[in-house]
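To start, the structure itself, in structure tokens.
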Amino acid sequence: MAVTLSATLAANEDIERRRRAGQRVLNLAFGEAGLPVHPALRGKLVAASDRNGYGPVAGTAELRAAAAGYWTRRGLVTDPDLVVCGPGSKSLLYGLLLAIGGDVVLPMPSWVSYAAQADLIGSSPILVPAPPGGGGVPDPGRVAEAVREARARGRTVRSVLVTLPDNPTGLLAPPRTIGRLVEVARELDLYIISDEIYRDLLHDPDLAYTSPADLAPERTLVTTGLSKSLALGGWRIGVARLPDGADDLRARLLAVASEIWSAPAAPVQEAAAYAFTDPPELAERIARSSRLHGAVARAVRDRFVAIGGSVPAPQGGFYLYPDLGHLGFSGSAEVARTLLDRYGIGVLPGHAFGDDPAASRVRVAVSLLYGETSEQRTAALDSDDPLRLPWIKDSLDHLALGLTELSLSMPDQR
């Protein structure tokens with residue numbers, strides 16, 4: 001089995017090497033939240049730093065209760081016994097794929113680690129495109145067709161995975177698409193794994209949000225964490241909500257957890273338990289983060305649209321998925337390589353997300369544009385107009401100039 005370094009991590013390391021060598025590179029490749037840790041969270045972590053025991057495999061009772069309350073306040077009544085905690089939702093997703101077994105249906109494109117994790121457990125991911133103009137959820141009608149065809153060939157397909165809102169496209173699947181997917185999952189007896197790590201980062205808080213668990217709690221597993229909403233990627237903490245009555249699945253997941261990570265870090269669990277209670281100061285921080293992500297994402301989109309790129313308007317998180325096919329590239333790898341080598345703009349090629357390699361689509365992450373220091377990032381959070389901050393404006397100007405030069409150069413190269 002050939003396993004390579006995650007495309008996002010590899011791109012980030014390459015960009016950092018170039019920067020150390022003196023090159024100016026705009027890092028639009030790495031999906032890190034790019035914001036400081038809230039002081040209240042730092043205080044909770046320090047206060048719990050003497051907690052050095054392993055603790056329960058499923059996580060502490062305090063964290064599981066807090067996570068249950070988090071989901072209940074969002075309309076999904078949850079018993080703490082349904083919650084399992086892990087060192088990041090990424091680990092939990094891997095554990096769930098192991099516990100469920102069989103093959104999994106993925107949206108195309110989708111986050112780079114889904115297919116890689118499926119490969120690691122010996123599963124064969126089935127990639128199904130999202131409906132036109134959508135992202136994060138495979139087209140339900142095509143899911144039904146693909147699953148029936150795979151089962152007819154003797155494959156065991158047990159789950160479908162969705163991302164709400166999506167990485168890489170930044171889009172949120174509408175309720176009608178979720179409803180159709182739930183119907184298909186019931187008809188074909190599929191688990192739905194719903195990765196909702198970006199749920200609290202909708203750019204428009206009034207945008208309609210439907211989780212598959214709202215419609216099919218008996219077959220939906222929800223994962224989330226604090227790496228995106230509260231910029232705690234390095235703290236590695238996540239939670240999963242399992243379906244009611246799924247005792248066997250819970251036992252299998254805990255068995256996997258006990259052999260891979262034993263238990264999440266105890267001090268981090270203490271801070272996470274506080275965060276999942278939605279205290280006002282953290283709710284306000286998340287709301288400001290969402291506004292910042294949305295403002296900068298829209299500004300970056302404007303720069304791609306200005307050169308004729310096709311870019312769906314972002315709805316959540318800090319991602320865009322531009323299509324530069326009008327410029328005549330041979331595929332996403334050439335787009336990403338050209339932007340980095342010639343114009344100092346780092347993006348990820350769409351084929352890393354399972355997209356057609358011949359398509360000229362790339363994933364753009366805007367979240368590292370907020371500043372190089374905690375002071376700059378805090379200023380970006382606090383600003384009523386972050387686009388006017390010198391360092392953000394400078395980055396946007398660098399992007400606009402590079403894209404303009406790229407656009408003007410292409411006719412001469414073809």
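Chain identifiers are assigned as A, B, and so on, following the order in which chains appear in the structure tokens; residues are numbered from 1 within each chain, and ligands are numbered from 1 in order of appearance.
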Mind listing the helix (DSSP H, G or I) residues of stretch 122-329 of chain A, per DSSP on the backbone, as an mmCIF file with N, CA, C and O atoms, in the first residue's frame?
```cif
data_model
loop_
_atom_site.group_PDB
_atom_site.id
_atom_site.type_symbol
_atom_site.label_atom_id
_atom_site.label_comp_id
_atom_site.auth_asym_id
_atom_site.auth_seq_id
_atom_site.Cartn_x
_atom_site.Cartn_y
_atom_site.Cartn_z
ATOM 1 N N PRO A 140 -27.315 12.577 -4.737
ATOM 2 C CA PRO A 140 -28.003 11.399 -4.188
ATOM 3 C C PRO A 140 -28.415 10.377 -5.241
ATOM 4 O O PRO A 140 -28.289 9.164 -5.020
ATOM 5 N N GLY A 141 -28.917 10.842 -6.370
ATOM 6 C CA GLY A 141 -29.315 9.905 -7.416
ATOM 7 C C GLY A 141 -28.142 9.089 -7.929
ATOM 8 O O GLY A 141 -28.264 7.876 -8.150
ATOM 9 N N ARG A 142 -27.015 9.732 -8.088
ATOM 10 C CA ARG A 142 -25.824 9.032 -8.565
ATOM 11 C C ARG A 142 -25.229 8.139 -7.484
ATOM 12 O O ARG A 142 -24.583 7.134 -7.791
ATOM 13 N N VAL A 143 -25.452 8.501 -6.199
ATOM 14 C CA VAL A 143 -25.033 7.622 -5.110
ATOM 15 C C VAL A 143 -25.779 6.295 -5.204
ATOM 16 O O VAL A 143 -25.188 5.207 -5.111
ATOM 17 N N ALA A 144 -27.096 6.367 -5.366
ATOM 18 C CA ALA A 144 -27.907 5.146 -5.451
ATOM 19 C C ALA A 144 -27.424 4.268 -6.601
ATOM 20 O O ALA A 144 -27.262 3.040 -6.453
ATOM 21 N N GLU A 145 -27.181 4.887 -7.745
ATOM 22 C CA GLU A 145 -26.724 4.130 -8.916
ATOM 23 C C GLU A 145 -25.366 3.497 -8.669
ATOM 24 O O GLU A 145 -25.135 2.316 -8.986
ATOM 25 N N ALA A 146 -24.431 4.273 -8.082
ATOM 26 C CA ALA A 146 -23.078 3.768 -7.858
ATOM 27 C C ALA A 146 -23.062 2.636 -6.833
ATOM 28 O O ALA A 146 -22.325 1.652 -6.989
ATOM 29 N N VAL A 147 -23.862 2.759 -5.776
ATOM 30 C CA VAL A 147 -23.887 1.719 -4.740
ATOM 31 C C VAL A 147 -24.484 0.430 -5.298
ATOM 32 O O VAL A 147 -23.963 -0.672 -5.056
ATOM 33 N N ARG A 148 -25.580 0.551 -6.034
ATOM 34 C CA ARG A 148 -26.196 -0.661 -6.610
ATOM 35 C C ARG A 148 -25.230 -1.353 -7.570
ATOM 36 O O ARG A 148 -25.104 -2.588 -7.575
ATOM 37 N N GLU A 149 -24.532 -0.563 -8.375
ATOM 38 C CA GLU A 149 -23.582 -1.138 -9.315
ATOM 39 C C GLU A 149 -22.436 -1.817 -8.579
ATOM 40 O O GLU A 149 -22.012 -2.926 -8.945
ATOM 41 N N ALA A 150 -21.920 -1.175 -7.522
ATOM 42 C CA ALA A 150 -20.817 -1.766 -6.762
ATOM 43 C C ALA A 150 -21.253 -3.049 -6.070
ATOM 44 O O ALA A 150 -20.513 -4.050 -6.070
ATOM 45 N N ARG A 151 -22.432 -3.043 -5.487
ATOM 46 C CA ARG A 151 -22.923 -4.246 -4.812
ATOM 47 C C ARG A 151 -23.180 -5.372 -5.800
ATOM 48 O O ARG A 151 -22.985 -6.554 -5.474
ATOM 49 N N ALA A 152 -23.604 -5.020 -7.001
ATOM 50 C CA ALA A 152 -23.827 -6.048 -8.021
ATOM 51 C C ALA A 152 -22.516 -6.736 -8.402
ATOM 52 O O ALA A 152 -22.521 -7.896 -8.847
ATOM 53 N N PRO A 175 -30.839 22.021 2.215
ATOM 54 C CA PRO A 175 -31.653 21.001 2.890
ATOM 55 C C PRO A 175 -32.256 19.977 1.939
ATOM 56 O O PRO A 175 -32.368 18.796 2.283
ATOM 57 N N ARG A 176 -32.665 20.393 0.737
ATOM 58 C CA ARG A 176 -33.302 19.441 -0.177
ATOM 59 C C ARG A 176 -32.329 18.340 -0.600
ATOM 60 O O ARG A 176 -32.725 17.173 -0.778
ATOM 61 N N THR A 177 -31.047 18.691 -0.776
ATOM 62 C CA THR A 177 -30.060 17.676 -1.135
ATOM 63 C C THR A 177 -29.837 16.711 0.015
ATOM 64 O O THR A 177 -29.726 15.494 -0.181
ATOM 65 N N ILE A 178 -29.762 17.253 1.226
ATOM 66 C CA ILE A 178 -29.608 16.401 2.405
ATOM 67 C C ILE A 178 -30.810 15.462 2.527
ATOM 68 O O ILE A 178 -30.659 14.261 2.818
ATOM 69 N N GLY A 179 -32.014 15.974 2.302
ATOM 70 C CA GLY A 179 -33.210 15.141 2.393
ATOM 71 C C GLY A 179 -33.189 14.005 1.392
ATOM 72 O O GLY A 179 -33.550 12.861 1.725
ATOM 73 N N ARG A 180 -32.754 14.282 0.170
ATOM 74 C CA ARG A 180 -32.687 13.233 -0.850
ATOM 75 C C ARG A 180 -31.628 12.193 -0.487
ATOM 76 O O ARG A 180 -31.826 10.986 -0.698
ATOM 77 N N LEU A 181 -30.485 12.651 0.062
ATOM 78 C CA LEU A 181 -29.444 11.704 0.446
ATOM 79 C C LEU A 181 -29.925 10.789 1.561
ATOM 80 O O LEU A 181 -29.643 9.588 1.562
ATOM 81 N N VAL A 182 -30.654 11.346 2.515
ATOM 82 C CA VAL A 182 -31.182 10.542 3.612
ATOM 83 C C VAL A 182 -32.119 9.457 3.078
ATOM 84 O O VAL A 182 -32.091 8.305 3.538
ATOM 85 N N GLU A 183 -32.955 9.804 2.117
ATOM 86 C CA GLU A 183 -33.849 8.804 1.522
ATOM 87 C C GLU A 183 -33.056 7.658 0.896
ATOM 88 O O GLU A 183 -33.399 6.482 1.056
ATOM 89 N N VAL A 184 -31.997 8.003 0.167
ATOM 90 C CA VAL A 184 -31.156 6.982 -0.455
ATOM 91 C C VAL A 184 -30.470 6.126 0.602
ATOM 92 O O VAL A 184 -30.398 4.891 0.479
ATOM 93 N N ALA A 185 -29.954 6.760 1.659
ATOM 94 C CA ALA A 185 -29.264 6.018 2.715
ATOM 95 C C ALA A 185 -30.209 5.034 3.398
ATOM 96 O O ALA A 185 -29.813 3.899 3.722
ATOM 97 N N ARG A 186 -31.441 5.448 3.615
ATOM 98 C CA ARG A 186 -32.418 4.530 4.231
ATOM 99 C C ARG A 186 -32.731 3.374 3.286
ATOM 100 O O ARG A 186 -32.812 2.211 3.697
ATOM 101 N N GLU A 187 -32.928 3.703 2.020
ATOM 102 C CA GLU A 187 -33.279 2.674 1.042
ATOM 103 C C GLU A 187 -32.171 1.639 0.898
ATOM 104 O O GLU A 187 -32.437 0.437 0.774
ATOM 105 N N LEU A 188 -30.914 2.084 0.939
ATOM 106 C CA LEU A 188 -29.778 1.200 0.708
ATOM 107 C C LEU A 188 -29.079 0.785 2.002
ATOM 108 O O LEU A 188 -28.043 0.114 1.956
ATOM 109 N N ARG A 199 -19.192 23.783 10.760
ATOM 110 C CA ARG A 199 -20.587 24.177 10.943
ATOM 111 C C ARG A 199 -20.740 25.581 11.522
ATOM 112 O O ARG A 199 -21.620 26.352 11.112
ATOM 113 N N ASP A 200 -19.924 25.927 12.478
ATOM 114 C CA ASP A 200 -20.076 27.210 13.168
ATOM 115 C C ASP A 200 -19.411 28.374 12.433
ATOM 116 O O ASP A 200 -19.385 29.492 12.946
ATOM 117 N N LEU A 201 -18.901 28.112 11.231
ATOM 118 C CA LEU A 201 -18.221 29.161 10.464
ATOM 119 C C LEU A 201 -18.990 29.515 9.190
ATOM 120 O O LEU A 201 -18.385 29.818 8.156
ATOM 121 N N PRO A 212 -27.653 15.714 8.250
ATOM 122 C CA PRO A 212 -28.336 14.428 8.062
ATOM 123 C C PRO A 212 -28.865 13.859 9.379
ATOM 124 O O PRO A 212 -29.869 13.145 9.389
ATOM 125 N N ALA A 213 -28.191 14.196 10.481
ATOM 126 C CA ALA A 213 -28.646 13.700 11.784
ATOM 127 C C ALA A 213 -29.978 14.302 12.187
ATOM 128 O O ALA A 213 -30.710 13.715 12.991
ATOM 129 N N ASP A 214 -30.322 15.488 11.652
ATOM 130 C CA ASP A 214 -31.635 16.070 11.934
ATOM 131 C C ASP A 214 -32.746 15.218 11.343
ATOM 132 O O ASP A 214 -33.853 15.149 11.896
ATOM 133 N N LEU A 215 -32.462 14.577 10.209
ATOM 134 C CA LEU A 215 -33.478 13.816 9.475
ATOM 135 C C LEU A 215 -33.363 12.312 9.695
ATOM 136 O O LEU A 215 -34.364 11.598 9.600
ATOM 137 N N GLY A 233 -6.101 23.874 15.996
ATOM 138 C CA GLY A 233 -5.629 22.729 15.239
ATOM 139 C C GLY A 233 -4.515 21.964 15.923
ATOM 140 O O GLY A 233 -4.492 20.730 15.914
ATOM 141 N N GLY A 234 -3.592 22.669 16.540
ATOM 142 C CA GLY A 234 -2.472 22.010 17.190
ATOM 143 C C GLY A 234 -2.810 21.353 18.517
ATOM 144 O O GLY A 234 -1.994 20.595 19.047
ATOM 145 N N TRP A 235 -3.994 21.624 19.043
ATOM 146 C CA TRP A 235 -4.378 21.009 20.318
ATOM 147 C C TRP A 235 -4.943 19.606 20.121
ATOM 148 O O TRP A 235 -4.983 18.830 21.064
ATOM 149 N N ASP A 247 -24.918 0.345 19.789
ATOM 150 C CA ASP A 247 -24.001 -0.126 20.832
ATOM 151 C C ASP A 247 -22.821 -0.897 20.248
ATOM 152 O O ASP A 247 -21.688 -0.755 20.707
ATOM 153 N N ASP A 248 -23.092 -1.722 19.238
ATOM 154 C CA ASP A 248 -22.008 -2.504 18.647
ATOM 155 C C ASP A 248 -20.998 -1.589 17.948
ATOM 156 O O ASP A 248 -19.787 -1.794 18.058
ATOM 157 N N LEU A 249 -21.514 -0.595 17.247
ATOM 158 C CA LEU A 249 -20.618 0.341 16.564
ATOM 159 C C LEU A 249 -19.780 1.117 17.576
ATOM 160 O O LEU A 249 -18.576 1.309 17.383
ATOM 161 N N ARG A 250 -20.413 1.543 18.664
ATOM 162 C CA ARG A 250 -19.669 2.270 19.694
ATOM 163 C C ARG A 250 -18.566 1.392 20.280
ATOM 164 O O ARG A 250 -17.431 1.844 20.486
ATOM 165 N N ALA A 251 -18.894 0.121 20.536
ATOM 166 C CA ALA A 251 -17.896 -0.793 21.101
ATOM 167 C C ALA A 251 -16.723 -0.970 20.138
ATOM 168 O O ALA A 251 -15.556 -0.995 20.560
ATOM 169 N N ARG A 252 -17.009 -1.084 18.835
ATOM 170 C CA ARG A 252 -15.927 -1.237 17.859
ATOM 171 C C ARG A 252 -15.077 0.020 17.780
ATOM 172 O O ARG A 252 -13.851 -0.047 17.690
ATOM 173 N N LEU A 253 -15.729 1.191 17.814
ATOM 174 C CA LEU A 253 -14.970 2.443 17.768
ATOM 175 C C LEU A 253 -14.072 2.582 18.991
ATOM 176 O O LEU A 253 -12.909 2.987 18.882
ATOM 177 N N LEU A 254 -14.589 2.247 20.158
ATOM 178 C CA LEU A 254 -13.775 2.347 21.373
ATOM 179 C C LEU A 254 -12.628 1.337 21.350
ATOM 180 O O LEU A 254 -11.535 1.624 21.865
ATOM 181 N N ALA A 255 -12.866 0.166 20.755
ATOM 182 C CA ALA A 255 -11.778 -0.808 20.636
ATOM 183 C C ALA A 255 -10.668 -0.258 19.748
ATOM 184 O O ALA A 255 -9.472 -0.371 20.072
ATOM 185 N N VAL A 256 -11.051 0.358 18.629
ATOM 186 C CA VAL A 256 -10.063 0.992 17.751
ATOM 187 C C VAL A 256 -9.317 2.087 18.505
ATOM 188 O O VAL A 256 -8.081 2.162 18.471
ATOM 189 N N ALA A 257 -10.073 2.946 19.197
ATOM 190 C CA ALA A 257 -9.467 4.057 19.926
ATOM 191 C C ALA A 257 -8.479 3.559 20.975
ATOM 192 O O ALA A 257 -7.401 4.137 21.165
ATOM 193 N N SER A 258 -8.856 2.494 21.667
ATOM 194 C CA SER A 258 -8.001 1.991 22.741
ATOM 195 C C SER A 258 -6.663 1.507 22.225
ATOM 196 O O SER A 258 -5.657 1.540 22.948
ATOM 197 N N GLU A 259 -6.615 1.078 20.963
ATOM 198 C CA GLU A 259 -5.368 0.562 20.397
ATOM 199 C C GLU A 259 -4.573 1.612 19.635
ATOM 200 O O GLU A 259 -3.400 1.394 19.318
ATOM 201 N N ILE A 260 -5.203 2.756 19.302
ATOM 202 C CA ILE A 260 -4.495 3.773 18.522
ATOM 203 C C ILE A 260 -4.118 4.974 19.377
ATOM 204 O O ILE A 260 -2.954 5.390 19.407
ATOM 205 N N ALA A 266 -5.554 14.855 28.479
ATOM 206 C CA ALA A 266 -6.440 15.277 29.559
ATOM 207 C C ALA A 266 -6.561 16.790 29.694
ATOM 208 O O ALA A 266 -7.684 17.313 29.827
ATOM 209 N N PRO A 267 -5.466 17.569 29.670
ATOM 210 C CA PRO A 267 -5.632 19.020 29.798
ATOM 211 C C PRO A 267 -6.432 19.631 28.649
ATOM 212 O O PRO A 267 -7.214 20.560 28.851
ATOM 213 N N VAL A 268 -6.239 19.107 27.445
ATOM 214 C CA VAL A 268 -6.970 19.635 26.296
ATOM 215 C C VAL A 268 -8.458 19.315 26.433
ATOM 216 O O VAL A 268 -9.327 20.129 26.081
ATOM 217 N N GLN A 269 -8.778 18.146 26.971
ATOM 218 C CA GLN A 269 -10.183 17.813 27.196
ATOM 219 C C GLN A 269 -10.852 18.807 28.141
ATOM 220 O O GLN A 269 -12.011 19.174 27.968
ATOM 221 N N GLU A 270 -10.101 19.244 29.150
ATOM 222 C CA GLU A 270 -10.645 20.209 30.114
ATOM 223 C C GLU A 270 -11.003 21.517 29.412
ATOM 224 O O GLU A 270 -12.084 22.083 29.606
ATOM 225 N N ALA A 271 -10.098 22.002 28.561
ATOM 226 C CA ALA A 271 -10.373 23.234 27.831
ATOM 227 C C ALA A 271 -11.511 23.041 26.834
ATOM 228 O O ALA A 271 -12.360 23.925 26.649
ATOM 229 N N ALA A 272 -11.544 21.880 26.188
ATOM 230 C CA ALA A 272 -12.593 21.606 25.206
ATOM 231 C C ALA A 272 -13.963 21.515 25.869
ATOM 232 O O ALA A 272 -14.974 21.948 25.299
ATOM 233 N N ALA A 273 -14.021 20.955 27.066
ATOM 234 C CA ALA A 273 -15.305 20.875 27.783
ATOM 235 C C ALA A 273 -15.861 22.271 28.020
ATOM 236 O O ALA A 273 -17.067 22.511 27.892
ATOM 237 N N TYR A 274 -14.989 23.194 28.349
ATOM 238 C CA TYR A 274 -15.407 24.585 28.503
ATOM 239 C C TYR A 274 -15.886 25.161 27.171
ATOM 240 O O TYR A 274 -16.949 25.793 27.081
ATOM 241 N N ALA A 275 -15.137 24.924 26.109
ATOM 242 C CA ALA A 275 -15.479 25.499 24.809
ATOM 243 C C ALA A 275 -16.819 24.999 24.299
ATOM 244 O O ALA A 275 -17.606 25.765 23.721
ATOM 245 N N PRO A 280 -20.276 32.836 26.302
ATOM 246 C CA PRO A 280 -20.476 34.035 25.466
ATOM 247 C C PRO A 280 -19.206 34.566 24.825
ATOM 248 O O PRO A 280 -19.221 34.982 23.667
ATOM 249 N N GLU A 281 -18.089 34.563 25.559
ATOM 250 C CA GLU A 281 -16.871 35.133 24.998
ATOM 251 C C GLU A 281 -16.346 34.314 23.817
ATOM 252 O O GLU A 281 -15.772 34.861 22.863
ATOM 253 N N LEU A 282 -16.567 32.990 23.854
ATOM 254 C CA LEU A 282 -16.136 32.168 22.726
ATOM 255 C C LEU A 282 -17.134 32.225 21.572
ATOM 256 O O LEU A 282 -16.737 32.188 20.398
ATOM 257 N N ALA A 283 -18.414 32.320 21.888
ATOM 258 C CA ALA A 283 -19.410 32.482 20.832
ATOM 259 C C ALA A 283 -19.161 33.773 20.051
ATOM 260 O O ALA A 283 -19.273 33.810 18.812
ATOM 261 N N GLU A 284 -18.793 34.824 20.789
ATOM 262 C CA GLU A 284 -18.505 36.093 20.137
ATOM 263 C C GLU A 284 -17.239 35.991 19.279
ATOM 264 O O GLU A 284 -17.176 36.535 18.166
ATOM 265 N N ARG A 285 -16.225 35.269 19.755
ATOM 266 C CA ARG A 285 -14.995 35.065 18.989
ATOM 267 C C ARG A 285 -15.296 34.310 17.691
ATOM 268 O O ARG A 285 -14.799 34.668 16.618
ATOM 269 N N ILE A 286 -16.117 33.272 17.773
ATOM 270 C CA ILE A 286 -16.448 32.489 16.584
ATOM 271 C C ILE A 286 -17.224 33.338 15.586
ATOM 272 O O ILE A 286 -16.984 33.266 14.371
ATOM 273 N N ALA A 287 -18.141 34.171 16.077
ATOM 274 C CA ALA A 287 -18.909 35.036 15.178
ATOM 275 C C ALA A 287 -17.990 36.012 14.447
ATOM 276 O O ALA A 287 -18.131 36.242 13.242
ATOM 277 N N ARG A 288 -17.031 36.579 15.162
ATOM 278 C CA ARG A 288 -16.081 37.494 14.519
ATOM 279 C C ARG A 288 -15.190 36.750 13.524
ATOM 280 O O ARG A 288 -14.857 37.274 12.451
ATOM 281 N N SER A 289 -14.811 35.528 13.886
ATOM 282 C CA SER A 289 -14.003 34.722 12.971
ATOM 283 C C SER A 289 -14.759 34.466 11.669
ATOM 284 O O SER A 289 -14.189 34.583 10.571
ATOM 285 N N SER A 290 -16.029 34.122 11.786
ATOM 286 C CA SER A 290 -16.838 33.847 10.597
ATOM 287 C C SER A 290 -16.909 35.072 9.690
ATOM 288 O O SER A 290 -16.812 34.962 8.465
ATOM 289 N N ARG A 291 -17.092 36.246 10.306
ATOM 290 C CA ARG A 291 -17.152 37.476 9.505
ATOM 291 C C ARG A 291 -15.829 37.731 8.794
ATOM 292 O O ARG A 291 -15.806 38.128 7.622
ATOM 293 N N LEU A 292 -14.725 37.506 9.504
ATOM 294 C CA LEU A 292 -13.415 37.713 8.895
ATOM 295 C C LEU A 292 -13.189 36.734 7.745
ATOM 296 O O LEU A 292 -12.758 37.134 6.649
ATOM 297 N N HIS A 293 -13.449 35.448 7.985
ATOM 298 C CA HIS A 293 -13.276 34.450 6.929
ATOM 299 C C HIS A 293 -14.094 34.831 5.701
ATOM 300 O O HIS A 293 -13.607 34.769 4.560
ATOM 301 N N GLY A 294 -15.350 35.223 5.923
ATOM 302 C CA GLY A 294 -16.222 35.563 4.804
ATOM 303 C C GLY A 294 -15.737 36.770 4.031
ATOM 304 O O GLY A 294 -15.734 36.770 2.791
ATOM 305 N N ALA A 295 -15.314 37.818 4.747
ATOM 306 C CA ALA A 295 -14.869 39.046 4.082
ATOM 307 C C ALA A 295 -13.635 38.793 3.221
ATOM 308 O O ALA A 295 -13.551 39.243 2.067
ATOM 309 N N VAL A 296 -12.659 38.058 3.756
ATOM 310 C CA VAL A 296 -11.431 37.821 3.004
ATOM 311 C C VAL A 296 -11.680 36.822 1.867
ATOM 312 O O VAL A 296 -11.151 36.981 0.766
ATOM 313 N N ALA A 297 -12.496 35.823 2.113
ATOM 314 C CA ALA A 297 -12.809 34.852 1.054
ATOM 315 C C ALA A 297 -13.495 35.536 -0.122
ATOM 316 O O ALA A 297 -13.188 35.252 -1.296
ATOM 317 N N ARG A 298 -14.413 36.444 0.155
ATOM 318 C CA ARG A 298 -15.086 37.165 -0.936
ATOM 319 C C ARG A 298 -14.107 38.052 -1.700
ATOM 320 O O ARG A 298 -14.182 38.161 -2.933
ATOM 321 N N ALA A 299 -13.171 38.658 -0.975
ATOM 322 C CA ALA A 299 -12.177 39.505 -1.637
ATOM 323 C C ALA A 299 -11.260 38.677 -2.530
ATOM 324 O O ALA A 299 -10.913 39.091 -3.649
ATOM 325 N N VAL A 300 -10.859 37.508 -2.058
ATOM 326 C CA VAL A 300 -10.022 36.632 -2.872
ATOM 327 C C VAL A 300 -10.801 36.141 -4.090
ATOM 328 O O VAL A 300 -10.273 36.086 -5.211
ATOM 329 N N ARG A 301 -12.056 35.808 -3.882
ATOM 330 C CA ARG A 301 -12.895 35.400 -5.024
ATOM 331 C C ARG A 301 -12.940 36.491 -6.084
ATOM 332 O O ARG A 301 -12.841 36.208 -7.288
ATOM 333 N N ASP A 302 -13.071 37.739 -5.647
ATOM 334 C CA ASP A 302 -13.137 38.849 -6.601
ATOM 335 C C ASP A 302 -11.893 38.884 -7.496
ATOM 336 O O ASP A 302 -11.987 39.205 -8.690
ATOM 337 N N ARG A 303 -10.731 38.559 -6.927
ATOM 338 C CA ARG A 303 -9.493 38.589 -7.718
ATOM 339 C C ARG A 303 -9.481 37.502 -8.784
ATOM 340 O O ARG A 303 -8.990 37.709 -9.888
ATOM 341 N N PHE A 304 -10.028 36.336 -8.469
ATOM 342 C CA PHE A 304 -10.098 35.271 -9.475
ATOM 343 C C PHE A 304 -11.163 35.574 -10.525
ATOM 344 O O PHE A 304 -10.958 35.318 -11.716
ATOM 345 N N VAL A 305 -12.293 36.113 -10.095
ATOM 346 C CA VAL A 305 -13.353 36.460 -11.044
ATOM 347 C C VAL A 305 -12.860 37.531 -12.016
ATOM 348 O O VAL A 305 -13.223 37.529 -13.204
ATOM 349 N N ALA A 306 -12.016 38.448 -11.522
ATOM 350 C CA ALA A 306 -11.531 39.548 -12.357
ATOM 351 C C ALA A 306 -10.740 39.064 -13.567
ATOM 352 O O ALA A 306 -10.669 39.761 -14.587
ATOM 353 N N GLY A 325 -10.160 26.976 -16.181
ATOM 354 C CA GLY A 325 -10.115 26.243 -17.439
ATOM 355 C C GLY A 325 -10.103 27.134 -18.662
ATOM 356 O O GLY A 325 -9.611 26.728 -19.727
ATOM 357 N N HIS A 326 -10.609 28.357 -18.538
ATOM 358 C CA HIS A 326 -10.659 29.260 -19.693
ATOM 359 C C HIS A 326 -9.268 29.710 -20.147
ATOM 360 O O HIS A 326 -9.112 30.241 -21.247
ATOM 361 N N LEU A 327 -8.250 29.492 -19.305
ATOM 362 C CA LEU A 327 -6.905 29.936 -19.656
ATOM 363 C C LEU A 327 -6.121 28.902 -20.464
ATOM 364 O O LEU A 327 -5.004 29.177 -20.895
#
```
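Running DSSP on the backbone gives strand (DSSP E or B) for these residues within stretch 239-395 of chain A: Val239, Ala240, Arg241, Ser310, Gly316, Tyr319, Leu320, Asp323, Ile345, Gly346, Leu348, Pro349, Arg361, Val362, Arg363, Val364 and Ala365 of chain A.
In this model, the gap between atom CA of A:Ala61 and atom CA of A:Leu232 comes to 21.1 Å.
Every protein, DNA or RNA residue with an atom at most 7 Å from stretch 159-173 of chain A, where only C-alpha atoms count and chain neighbours fewer than 6 positions away do not, is listed here: Asp103, Val104, Val105, Leu106, Pro107, Ser110, Trp111, Gly134, Gly135, Gly136, Val137, Leu190, Tyr191, Ile192, Ile193, Ser194, Asp195, Glu196, Tyr198, Arg199, Pro314, Gln315, Gly316, Gly317, Phe318, Tyr319, Leu320, Tyr321 and Arg363 of chain A.
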For A:Pro87: contacts at 6 Å, only C-alpha atoms, fewer than 6 positions along chain excluded, given as number ranges by chain
A: 236-238, 264
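Closest to A:Ala263 among A:Lys44, A:Tyr209, A:Ser123, A:Val239 is A:Val239, based on only C-alpha atoms.
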Excluding A:Leu369 and any residue of its chain fewer than 4 positions from it, enumerate the residues within 9 Å of it, using only C-alpha atoms, and give them as a PyMOL selection string.
chain A and resi 26-28+34+296+365+377+391-392+395-396
Residues within 10 Å of A:Asp81, please, as JSON, numbers by chain. Count only C-alpha atoms; anything in the same chain fewer than 2 positions from it doesn't count.
{"A": [58, 61, 64, 65, 68, 78, 79, 83, 84, 241, 242, 244, 247, 250]}
What lies within 6 Å of A:Pro357 using only C-alpha atoms, ignoring chain neighbours under 3 positions off, as a PyMOL selection string?
chain A and resi 331-332+351
Taking N, CA and C atoms for each residue, export the selection above as a PDB file, in the first residue's frame.
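The file below, out.pdb, is the result:
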```
ATOM      1  N   GLY A 331      -4.448  20.988 -16.906  1.00  0.00           N
ATOM      2  CA  GLY A 331      -5.023  20.361 -15.728  1.00  0.00           C
ATOM      3  C   GLY A 331      -4.642  21.098 -14.464  1.00  0.00           C
ATOM      4  N   SER A 332      -5.138  20.609 -13.319  1.00  0.00           N
ATOM      5  CA  SER A 332      -4.951  21.327 -12.055  1.00  0.00           C
ATOM      6  C   SER A 332      -3.497  21.332 -11.605  1.00  0.00           C
ATOM      7  N   HIS A 351      -6.941  17.808  -8.294  1.00  0.00           N
ATOM      8  CA  HIS A 351      -6.834  16.339  -8.339  1.00  0.00           C
ATOM      9  C   HIS A 351      -6.443  15.756  -6.983  1.00  0.00           C
TER      10      HIS A 351
END
```
